Each structure stands twice: as structure tokens, then as C-alpha cells.
>>> print(open('my_file_19.pdb').read())   # PDB, C-alpha atoms
ATOM      1  CA  MET A   1      -1.730  49.809  55.151
ATOM      2  CA  ASP A   2       1.428  51.615  56.223
ATOM      3  CA  THR A   3       3.920  51.365  53.343
ATOM      4  CA  LYS A   4       6.841  52.382  55.581
ATOM      5  CA  LYS A   5       6.278  49.410  57.908
ATOM      6  CA  LEU A   6       5.881  47.103  54.933
ATOM      7  CA  SER A   7       9.088  48.243  53.255
ATOM      8  CA  ASN A   8      11.018  48.084  56.557
ATOM      9  CA  SER A   9       9.857  44.520  57.187
ATOM     10  CA  LEU A  10      10.751  43.302  53.676
ATOM     11  CA  PHE A  11      13.980  45.170  52.913
ATOM     12  CA  THR A  12      16.918  46.600  54.835
ATOM     13  CA  LYS A  13      17.523  50.343  54.787
ATOM     14  CA  THR A  14      20.387  49.906  52.309
ATOM     15  CA  GLN A  15      18.323  47.667  50.027
ATOM     16  CA  GLN A  16      15.468  50.162  50.081
ATOM     17  CA  ARG A  17      17.693  53.044  49.061
ATOM     18  CA  VAL A  18      19.729  51.171  46.437
ATOM     19  CA  LEU A  19      16.742  49.423  44.862
ATOM     20  CA  GLY A  20      14.655  52.574  45.155
ATOM     21  CA  LEU A  21      17.283  54.549  43.262
ATOM     22  CA  LEU A  22      18.081  52.007  40.564
ATOM     23  CA  PHE A  23      14.550  50.708  39.981
ATOM     24  CA  GLY A  24      12.934  54.097  40.544
ATOM     25  CA  ALA A  25      14.801  55.289  37.424
ATOM     26  CA  PRO A  26      15.353  51.988  35.596
ATOM     27  CA  GLY A  27      16.693  53.493  32.364
ATOM     28  CA  LYS A  28      19.466  55.412  34.120
ATOM     29  CA  SER A  29      22.852  54.156  35.276
ATOM     30  CA  PHE A  30      24.618  55.380  38.399
ATOM     31  CA  TYR A  31      28.246  55.061  39.440
ATOM     32  CA  THR A  32      29.198  53.873  42.917
ATOM     33  CA  ASN A  33      30.052  57.240  44.491
ATOM     34  CA  GLU A  34      26.847  58.720  43.107
ATOM     35  CA  ILE A  35      24.795  55.915  44.677
ATOM     36  CA  VAL A  36      26.619  56.370  47.997
ATOM     37  CA  ARG A  37      25.967  60.135  47.946
ATOM     38  CA  ILE A  38      22.275  59.864  47.024
ATOM     39  CA  ALA A  39      21.554  56.926  49.324
ATOM     40  CA  ALA A  40      23.386  58.645  52.201
ATOM     41  CA  ILE A  41      24.733  55.338  53.468
ATOM     42  CA  GLY A  42      28.321  54.223  53.994
ATOM     43  CA  ARG A  43      30.410  53.219  51.005
ATOM     44  CA  GLY A  44      31.203  49.717  52.310
ATOM     45  CA  THR A  45      27.563  48.856  52.927
ATOM     46  CA  VAL A  46      26.480  50.135  49.524
ATOM     47  CA  THR A  47      29.360  48.377  47.741
ATOM     48  CA  ARG A  48      28.497  45.024  49.358
ATOM     49  CA  GLU A  49      24.820  45.433  48.440
ATOM     50  CA  LEU A  50      25.643  46.369  44.842
ATOM     51  CA  ALA A  51      27.951  43.351  44.483
ATOM     52  CA  LYS A  52      25.280  41.037  45.900
ATOM     53  CA  LEU A  53      22.558  42.408  43.604
ATOM     54  CA  ALA A  54      24.831  42.291  40.543
ATOM     55  CA  GLU A  55      25.837  38.693  41.296
ATOM     56  CA  ALA A  56      22.148  37.727  41.571
ATOM     57  CA  GLY A  57      21.492  39.304  38.162
ATOM     58  CA  VAL A  58      19.238  42.059  39.490
ATOM     59  CA  LEU A  59      21.676  44.778  38.341
ATOM     60  CA  THR A  60      23.998  45.161  35.377
ATOM     61  CA  VAL A  61      27.517  46.505  35.831
ATOM     62  CA  ALA A  62      29.349  48.402  33.111
ATOM     63  CA  PRO A  63      32.927  49.508  33.759
ATOM     64  CA  ALA A  64      33.762  53.002  32.515
ATOM     65  CA  GLY A  65      37.379  53.927  33.195
ATOM     66  CA  ASN A  66      37.964  53.486  36.902
ATOM     67  CA  GLN A  67      34.235  53.652  37.704
ATOM     68  CA  ARG A  68      31.508  51.035  37.692
ATOM     69  CA  HIS A  69      28.096  52.048  36.448
ATOM     70  CA  TYR A  70      25.123  50.131  37.848
ATOM     71  CA  GLN A  71      21.689  49.901  36.248
ATOM     72  CA  ALA A  72      18.514  47.889  36.758
ATOM     73  CA  ASN A  73      18.738  44.688  34.693
ATOM     74  CA  GLN A  74      15.754  44.511  32.321
ATOM     75  CA  ASP A  75      16.455  40.797  31.725
ATOM     76  CA  CYS A  76      15.931  39.991  35.412
ATOM     77  CA  PRO A  77      12.821  37.770  35.884
ATOM     78  CA  VAL A  78      11.445  40.096  38.585
ATOM     79  CA  TYR A  79      12.358  43.368  36.861
ATOM     80  CA  GLY A  80       8.762  44.583  36.382
ATOM     81  CA  GLU A  81       7.797  43.712  39.936
ATOM     82  CA  LEU A  82      10.861  45.447  41.398
ATOM     83  CA  VAL A  83      10.084  48.619  39.425
ATOM     84  CA  LYS A  84       6.533  48.584  40.821
ATOM     85  CA  ILE A  85       7.737  47.866  44.376
ATOM     86  CA  ALA A  86      10.379  50.617  44.179
ATOM     87  CA  ARG A  87       7.838  53.173  43.025
ATOM     88  CA  LYS A  88       5.210  52.153  45.600
ATOM     89  CA  LEU A  89       7.304  51.536  48.711
ATOM     90  CA  PHE A  90      10.643  53.308  48.531
ATOM     91  CA  GLU A  91      10.918  57.047  49.032
ATOM     92  CA  ILE A  92      14.122  58.339  47.501
ATOM     93  CA  ASP A  93      14.936  61.546  45.663
ATOM     94  CA  ILE A  94      16.305  60.748  42.237
ATOM     95  CA  PRO A  95      18.320  63.585  40.699
ATOM     96  CA  VAL A  96      17.005  64.861  37.378
ATOM     97  CA  SER A  97      20.364  65.528  35.740
ATOM     98  CA  LYS A  98      23.496  63.435  35.810
ATOM     99  CA  SER A  99      25.810  66.207  36.940
ATOM    100  CA  LYS A 100      28.917  65.552  38.948
ATOM    101  CA  PRO A 101      29.376  67.422  42.219
ATOM    102  CA  VAL A 102      32.098  70.040  42.205
ATOM    103  CA  ARG A 103      34.633  69.372  44.895
ATOM    104  CA  ALA A 104      37.190  71.907  45.949
ATOM    105  CA  GLU A 105      40.793  70.871  46.213
ATOM    106  CA  PRO A 106      42.058  71.050  49.772
ATOM    107  CA  GLU A 107      44.621  73.746  50.375
ATOM    108  CA  ILE A 108      47.979  72.299  51.255
ATOM    109  CA  VAL A 109      50.120  74.803  53.139
ATOM    110  CA  ARG A 110      53.747  74.114  53.871
ATOM    111  CA  LYS A 111      55.462  75.392  56.994
ATOM    112  CA  SER A 112      56.894  78.247  54.975
ATOM    113  CA  GLY A 113      53.380  79.400  54.150
ATOM    114  CA  VAL A 114      53.715  78.640  50.416
ATOM    115  CA  LYS A 115      50.859  76.657  48.914
ATOM    116  CA  LYS A 116      51.723  73.465  47.110
ATOM    117  CA  ALA A 117      51.537  73.938  43.376
ATOM    118  CA  GLY A 118      49.921  71.316  41.201
ATOM    119  CA  LYS A 119      47.636  70.751  38.303
ATOM    120  CA  PRO A 120      43.924  71.002  39.039
ATOM    121  CA  LYS A 121      41.868  67.860  38.449
ATOM    122  CA  ALA A 122      39.697  67.719  35.356
ATOM    123  CA  GLY A 123      36.475  69.639  35.804
ATOM    124  CA  ILE A 124      37.689  71.512  38.846
ATOM    125  CA  LYS A 125      38.512  75.176  38.555
ATOM    126  CA  LYS A 126      41.602  76.299  40.387
ATOM    127  CA  VAL A 127      40.918  79.287  42.609
ATOM    128  CA  VAL A 128      43.845  81.539  43.377
ATOM    129  CA  LYS A 129      43.503  83.659  46.471
ATOM    130  CA  LYS A 130      45.368  86.932  46.404
ATOM    131  CA  LYS A 131      46.902  88.216  49.597
ATOM    132  CA  ALA A 132      47.226  91.905  50.326
ATOM    133  CA  VAL A 133      50.716  93.161  51.040
ATOM    134  CA  VAL A 134      50.896  95.575  53.929
ATOM    135  CA  ASN A 135      53.785  98.010  53.924
ATOM    136  CA  ALA A 136      54.805  98.478  57.512
ATOM    137  CA  GLU A 137      57.123 101.170  58.766
ATOM    138  CA  PRO A 138      60.401  99.855  60.119
ATOM    139  CA  LEU A 139      60.633  99.687  63.886
ATOM    140  CA  PRO A 140      62.867 102.284  65.520
ATOM    141  CA  GLU A 141      66.226 100.944  66.613
ATOM    142  CA  GLU A 142      66.604 100.469  70.326
ATOM    143  CA  PRO A 143      69.899 101.146  72.029
ATOM    144  CA  PRO A 144      71.816  97.985  72.912
ATOM    145  CA  VAL A 145      71.357  96.643  76.406
ATOM    146  CA  VAL A 146      74.494  96.548  78.556
ATOM    147  CA  ASP A 147      74.641  94.738  81.889
ATOM    148  CA  ASP A 148      76.565  95.796  85.015
ATOM    149  CA  GLU A 149      79.792  94.229  83.738
ATOM    150  CA  GLY A 150      79.617  95.970  80.364
ATOM    151  CA  GLN A 151      78.448  92.869  78.430
ATOM    152  CA  LEU A 152      76.037  93.303  75.484
ATOM    153  CA  GLY A 153      73.053  90.990  75.373
ATOM    154  CA  LEU A 154      69.369  90.500  75.651
ATOM    155  CA  PHE A 155      68.198  90.646  79.246
TER     156      PHE A 155
END
>>> encode(input="my_file_19.pdb", output="C-alpha cells")
Amino acid sequence: MDTKKLSNSLFTKTQQRVLGLLFGAPGKSFYTNEIVRIAAIGRGTVTRELAKLAEAGVLTVAPAGNQRHYQANQDCPVYGELVKIARKLFEIDIPVSKSKPVRAEPEIVRKSGVKKAGKPKAGIKKVVKKKAVVNAEPLPEEPPVVDDEGQLGLF
């Protein structure tokens, strides 16, 4: 029996990835952006699926600051079956460590060429790029331009 056809006929792509992640590692909690990144599906779709599964009691939600951490609900009546289904049918890479991705701050350059100063976000190292200063020789002065009527100007 083809497990891919079976999983595609029973669950949507989003459900497969979300359930595969959360029930593939049932003792681990994941925050929303982490689920979106690992599942490689749009944030809106994942958020709707997470809300639906949490409302049904399949997942638990624990707020932590401005994040929501989702985990497989062990009190769910079909918990054991979902763990077995996730491990048999869903193919998803579950990260071993719970490390946050390092994101670089975008460089904001004003018209004057000066970078906007600001505090780096927690956990992000600020990288300062040094620019080389080139000493150029001054240009030789050119004699002023005079037209036929004796007027100075740029022609």
C-alpha cells in the first residue's frame, strides 16, 4: 500500500505537516514561526490549522511572552493513534535542537549614505562594516570659461 496516497487522501498538506511535526515529536513544543518555517507552508494557513486543532483539543497552547507554543495534547482521546499515524504516514524532518535561526538586521541607508543607528535585537550580533578611505589627489584647476561677450560661465 502506498502511504503517500493514503496520507494525501486522509489529510491536507497542511494537516500532514503540522500533525507530522507535533505528533512526530509529541514531548516537544513548537512556536508558530518555528512551525511555519519547518512545515514550509504559509503563515495564515498554518495559523488557521493550529487554531482549529487547538479548539478541538488535539493540541495544547501555552503562551510565552508574545509567542504561542503548541504541543500534542496527551489528554486527547486519539493521542496514541495520532502519534502512530504521524510516524507511519507523514514524512517531515524534525529538528533535533530547539535553536532559533539567526536573522540579520536589514541595513537601512539614508540618502546621505549614513546607516541608521539602533540597538541590535536580543540574540543578534551587530556587524559593523568598515569602509576604506581613499585619499585622492585634488583635481587641477581649470581656467575659467569666457564666452564671446566676456561673460564667465559653464558652457
>>> atom_distance(input="my_file_19.pdb", atom1="CA of Ala62 (chain A)", atom2="CA of Cys76 (chain A)")
16.0 Å
>>> resolve_selection(input="my_file_19.pdb", expression="the PyMOL selection byres ((chain A and resi 70) around 10)", output="list of chain:residue names")
A:Leu22, A:Lys28, A:Ser29, A:Phe30, A:Tyr31, A:Thr32, A:Ile35, A:Leu50, A:Ala51, A:Leu53, A:Ala54, A:Leu59, A:Thr60, A:Val61, A:Ala62, A:Pro63, A:Gln67, A:Arg68, A:His69, A:Gln71, A:Ala72, A:Asn73
>>> write_last_selection(input="my_file_19.pdb", atoms="C-alpha atoms", output="PDB file, in the frame of the given file")
ATOM      1  CA  LEU A  22      18.081  52.007  40.564  1.00  0.00           C
ATOM      2  CA  LYS A  28      19.466  55.412  34.120  1.00  0.00           C
ATOM      3  CA  SER A  29      22.852  54.156  35.276  1.00  0.00           C
ATOM      4  CA  PHE A  30      24.618  55.380  38.399  1.00  0.00           C
ATOM      5  CA  TYR A  31      28.246  55.061  39.440  1.00  0.00           C
ATOM      6  CA  THR A  32      29.198  53.873  42.917  1.00  0.00           C
ATOM      7  CA  ILE A  35      24.795  55.915  44.677  1.00  0.00           C
ATOM      8  CA  LEU A  50      25.643  46.369  44.842  1.00  0.00           C
ATOM      9  CA  ALA A  51      27.951  43.351  44.483  1.00  0.00           C
ATOM     10  CA  LEU A  53      22.558  42.408  43.604  1.00  0.00           C
ATOM     11  CA  ALA A  54      24.831  42.291  40.543  1.00  0.00           C
ATOM     12  CA  LEU A  59      21.676  44.778  38.341  1.00  0.00           C
ATOM     13  CA  THR A  60      23.998  45.161  35.377  1.00  0.00           C
ATOM     14  CA  VAL A  61      27.517  46.505  35.831  1.00  0.00           C
ATOM     15  CA  ALA A  62      29.349  48.402  33.111  1.00  0.00           C
ATOM     16  CA  PRO A  63      32.927  49.508  33.759  1.00  0.00           C
ATOM     17  CA  GLN A  67      34.235  53.652  37.704  1.00  0.00           C
ATOM     18  CA  ARG A  68      31.508  51.035  37.692  1.00  0.00           C
ATOM     19  CA  HIS A  69      28.096  52.048  36.448  1.00  0.00           C
ATOM     20  CA  GLN A  71      21.689  49.901  36.248  1.00  0.00           C
ATOM     21  CA  ALA A  72      18.514  47.889  36.758  1.00  0.00           C
ATOM     22  CA  ASN A  73      18.738  44.688  34.693  1.00  0.00           C
TER      23      ASN A  73
END
>>> atom_distance(input="my_file_19.pdb", atom1="CA of Asn8 (chain A)", atom2="CA of Arg43 (chain A)")
20.8 Å
>>> atom_distance(input="my_file_19.pdb", atom1="CA of Lys84 (chain A)", atom2="CA of Thr14 (chain A)")
18.0 Å
>>> closest_residue(input="my_file_19.pdb", among="A:Val18, A:Lys4, A:Leu89, A:Gln74", to="Arg48 (chain A)", atoms="all atoms listed in the file")
A:Val18
>>> residues_around(input="my_file_19.pdb", residues="Lys13 (chain A)", least_positions_apart="2", cutoff="12 Å", atoms="all atoms listed in the file", output="PyMOL selection string")
chain A and resi 4-5+7-11+15-20+39-42+45-46+49+89-92
>>> closest_residue(input="my_file_19.pdb", among="A:Val58, A:Val78, A:Pro26, A:Leu21", to="Ile38 (chain A)", atoms="all atoms listed in the file")
A:Leu21
